[in-house]
Amino acid sequence: MIVGAGYTGLWTAYYLAKADPSLRIVVLESETAGFGASGRNGGWCSALFPVSSRRLAALPGSSREAAIELHRAMQASVNEVGLVSAAEGIDCDYHKGGTVVLARTRVQLARARAEVDAAAEWGPGDLQFLGPDEVASKVRATKVLGATFTPHCAAIHPGKLVRGLAAVVERLGVTIHELTPVTRILPGRAITPYGVVRAEVAVRATEGFTPGLDGQSRVVAPVYSLMVATEPLGQAVWDRIGLADRPTFSDQRHLIIYGQRTADGRLAFGGRGAPYHFRSRIKPGFDDVPRVFKGLQKTLRELFDISPEFTHAWGGPLGVPRDWCASVGLERGVAWAGGYVGDGVSTTNLAGRTLRDLILERDTALTRLPWVGHRSRAWEPEPLRWLGINAGLRAMTLADVEERVTRRESLIARLMAPLLGG
Ligand SMILES: Cc1cc2nc3c(=O)[nH]c(=O)nc-3n(C[C@H](O)[C@H](O)[C@H](O)COP(=O)(O)OP(=O)(O)OC[C@H]3O[C@@H](n4cnc5c(N)ncnc54)[C@H](O)[C@@H]3O)c2cc1C
C-alpha cells in the first residue's frame with residue numbers, strides 16, 4: 001500500500017506492477033492524484049540531486065565511486081522518464097534540451113567557471129562552460145557574460161506526466177483511492193478516517209505533506225516554491241530570445257530561479273522566496289504570495305527584456321530534510337522516499353525503481369546507491385525551525401544584494417552553503 005499519489009507513489013506502483021502483475025497494490029491519496037508538487041512543478045526533469053557529490057561521498061558507508069554511481073543513475077533517470085512516457089503513451093511534452101545556467105555578473109561568471117571545474121572531478125564533460133556567443137545560440141538574455149550547460153535535463157509538463165502516470169498504473173490494475181487521507185503510517189498499516197488499510201509494506205510518499213502525519217512532524221520541512229506563466233508568446237519574441245531547443249534555464253543568483261519554454265509556447269518561471277509557515281503548516285492560501293509573484297514577473301521581464309502578459313500564478317510545498325539529502329529506504333514494513341528539495345521530477349523515478357527492488361527483496365545496483373537507507377536527522381522543534389528556515393531564505397536574498405553591492409562572492413552565501421546541501 002502506498003500513501004500519496006504523486007510521482008513517488010505512482011512510479012513505485014508502476015514499477016511494482018510491471019515487475020509482478022500478481023501484486024495487489026493500493027494507493028491512498030488525500031486529495032486527487034497529482035495534487036501535490038508533482039502536478040505543479042517547474043518541469044525540469046534534471047539529473048540534479050539536492051546534495052553535492054562531495055557530501056554524498058562522505059555519507060557513512062559511501063565512497064567517491066558510490067557518489068559517481070548515483071550521479072550516473074540520476075542521468076539515466078532523465079532518459080528513463082522519457083522512455084517510459086513514450087512507451088506508455090504519456091504525452092507530457094518531454095523534450096531533452098539540457099539546462100543553461102546564465103552568468104550575468106562577474107561574480108556569477110567566476111562561480112560558473114568554478115562549478116565546471118568542480119563538476120569535472122565527478123563526471124568529466126557533464127557540465128560545459130559556454131562563452132557569450134555559444135550561449136546566444138541557445139538563449140538570448142540580458143547581461144550575459146557566459147553560462148554553464150548540461151545536456152542532462154528534459155523539459156516536461158508536470159501535470160500531464162502525473163495524470164498520465166495515474167492512468168497508466170490504473171490500467172495495470174493498481175487501485176487509487178482519492179479523497180482518502182491517512183493520519184498515521186505503521187508497519188504494514190495505514191490509519192484513515194474510514195478504517196485501517198493493511199498490507200505487507202506501507203510506503204510513505206507524502207513529501208512536503210509528511211509533517212501532517214502523526215509522529216512525522218520533524219522529518220521534512222515544507223518550503224514553498226512559487227511560479228508564474230506567460231501567455232503564449234509570438235514567433236517574433238521567440239526569434240529574439242531563442243530557446244528553440246527548449247533548454248531549461250536559470251541564472252547564478254543565490255535565491256533559486258528556474259524556467260522553461262513550454263510546448264504551447266509560454267514561459268513558465270518559478271523561484272523561492274515565499275515564507276516557511278510555523279509548525280510546518282500547509283494550506284492552499286500559502287501558494288498565493290503576491291509579493292513573490294510580482295518579483296518573479298519582474299525578474300523574467302528583466303531577464304529577457306520582454307513585456308508579456310502573465311496568465312497564471314501558483315505554487316506548492318517542497319520537502320526539505322534537515323541535511324538536504326533525499327533518501328529512500330525500507331525498514332520493518334514501512335518504506336519511504338522523499339526529501340528531494342526542488343529536484344524531485346527525475347529523482348522520484350529513481351526512487352520508484354529502488355523501492356521496487358527493496359520491496360521485492362532484490363539486491364541490485366540501485367539498492368546499493370548511497371542515498372538508500374539514509375536517515376536525515378530531525379528538524380529542530382519550533383520556534384527554532386521557523387526562525388532558522390526563514391532566516392536561511394532571507395539570507396539568500398541578502399546574498400544577492402551583497403554581491404550586487406560588493407561585486408565579490410557573497411560571504412553570507414559561503415557561510416550558508418554547508419546548511420544548503422553544498
Ligand atoms: C512550484 C514547484 C516547482 C518545482 N519545480 C521542480 C522542477 O522543476 N524540477 C524538479 O525536479 N522538482 C521540482 N519541484 C519538486 C518536485 O515537484 C517534487 O520533488 C516532486 O513532485 C515530489 O513528488 P512526490 O510524489 O514525492 O510528492 P508530491 O507530488 O507532493 O505528492 C505527495 C502526495 O501525497 C498526498 N498526501 C500527502 N499527505 C497525505 C496523507 N496524509 N494521506 C494521503 N495522501 C497524502 C498529497 O496530496 C500528494 O498528492 C518543484 C516543486 C514545486 C512545488
# chains A, B, ... in the order shown; residues from 1 in each chain; ligands from 1
call {"tool": "residues_near_ligand", "arguments": {"ligand": "ligand 1", "cutoff": "6 Å", "atoms": "only C-alpha atoms and all ligand atoms", "output": "JSON, numbers by chain"}}
result
{"A": [3, 4, 5, 6, 7, 8, 9, 28, 29, 30, 31, 33, 34, 35, 36, 37, 38, 40, 41, 42, 43, 44, 45, 180, 181, 182, 183, 205, 206, 207, 208, 209, 210, 213, 225, 226, 227, 315, 316, 317, 318, 338, 340, 341, 342, 343, 344, 345, 346]}
call {"tool": "closest_residue", "arguments": {"among": "A:Val169, A:Ile191, A:Leu387, A:Ala313", "to": "A:Ile90", "atoms": "only C-alpha atoms"}}
result
A:Val169
call {"tool": "residues_around", "arguments": {"residues": "A:Leu165", "least_positions_apart": "2", "cutoff": "9 Å", "atoms": "only C-alpha atoms", "output": "PyMOL selection string"}}
result
chain A and resi 7+10-11+14+85+88+90+160-163+167-170
call {"tool": "atom_distance", "arguments": {"atom1": "atom CA of A:Thr142", "atom2": "atom CA of A:Arg291"}}
result
23.3 Å
call {"tool": "atom_distance", "arguments": {"atom1": "atom CA of A:Pro275", "atom2": "atom CA of A:Arg394"}}
result
9.0 Å
call {"tool": "residues_around", "arguments": {"residues": "stretch 295-298 of chain A", "least_positions_apart": "4", "cutoff": "8 Å", "atoms": "only C-alpha atoms", "output": "ChimeraX atom specification"}}
result
/A:227-228,269-271,291,302,310
call {"tool": "select_by_dssp", "arguments": {"residues": "stretch 10-222 of chain A", "states": "helix (DSSP H, G or I)", "output": "PyMOL selection string"}}
result
chain A and resi 10-19+37-39+53-57+64-88+106-122+132-136+158-171+207-212
call {"tool": "closest_residue", "arguments": {"among": "A:Lys138, A:Tyr258, A:Gly131, A:Pro60", "to": "A:Leu300", "atoms": "only C-alpha atoms"}}
result
A:Tyr258
call {"tool": "atom_distance", "arguments": {"atom1": "atom CA of A:Ile241", "atom2": "atom CA of A:Leu267"}}
result
11.1 Å
call {"tool": "residues_around", "arguments": {"residues": "A:Val197", "least_positions_apart": "3", "cutoff": "9 Å", "atoms": "only C-alpha atoms", "output": "PyMOL selection string"}}
result
chain A and resi 1+188-192
call {"tool": "write_last_selection", "arguments": {"atoms": "C-alpha atoms", "output": "PDB file, in the first residue's frame"}}
result
ATOM      1  CA  MET A   1       0.000   0.000   0.000  1.00  0.00           C
ATOM      2  CA  GLY A 188       2.125  -2.757   7.324  1.00  0.00           C
ATOM      3  CA  ARG A 189      -0.796  -0.486   8.262  1.00  0.00           C
ATOM      4  CA  ALA A 190      -2.246   2.907   7.376  1.00  0.00           C
ATOM      5  CA  ILE A 191      -4.914   4.536   9.503  1.00  0.00           C
ATOM      6  CA  THR A 192      -7.626   6.510   7.667  1.00  0.00           C
TER       7      THR A 192
END
call {"tool": "residues_around", "arguments": {"residues": "A:Glu361", "least_positions_apart": "3", "cutoff": "12 Å", "atoms": "only C-alpha atoms", "output": "list in words"}}
result
Leu16, Val201, Gly329, Leu330, Glu331, Thr354, Leu355, Arg356, Asp357, Leu358, Thr364, Leu366 and Thr367 of chain A
call {"tool": "residues_around", "arguments": {"residues": "stretch 102-115 of chain A", "least_positions_apart": "3", "cutoff": "8 Å", "atoms": "only C-alpha atoms", "output": "ChimeraX atom specification"}}
result
/A:118-119,129,142-148,249-253,403,407-409
call {"tool": "closest_residue", "arguments": {"among": "A:Asp323, A:Asp245, A:Glu134, A:Glu178", "to": "A:Glu380", "atoms": "only C-alpha atoms"}}
result
A:Asp323
call {"tool": "select_by_dssp", "arguments": {"residues": "stretch 106-273 of chain A", "states": "strand (DSSP E)", "output": "count of residues only"}}
result
52
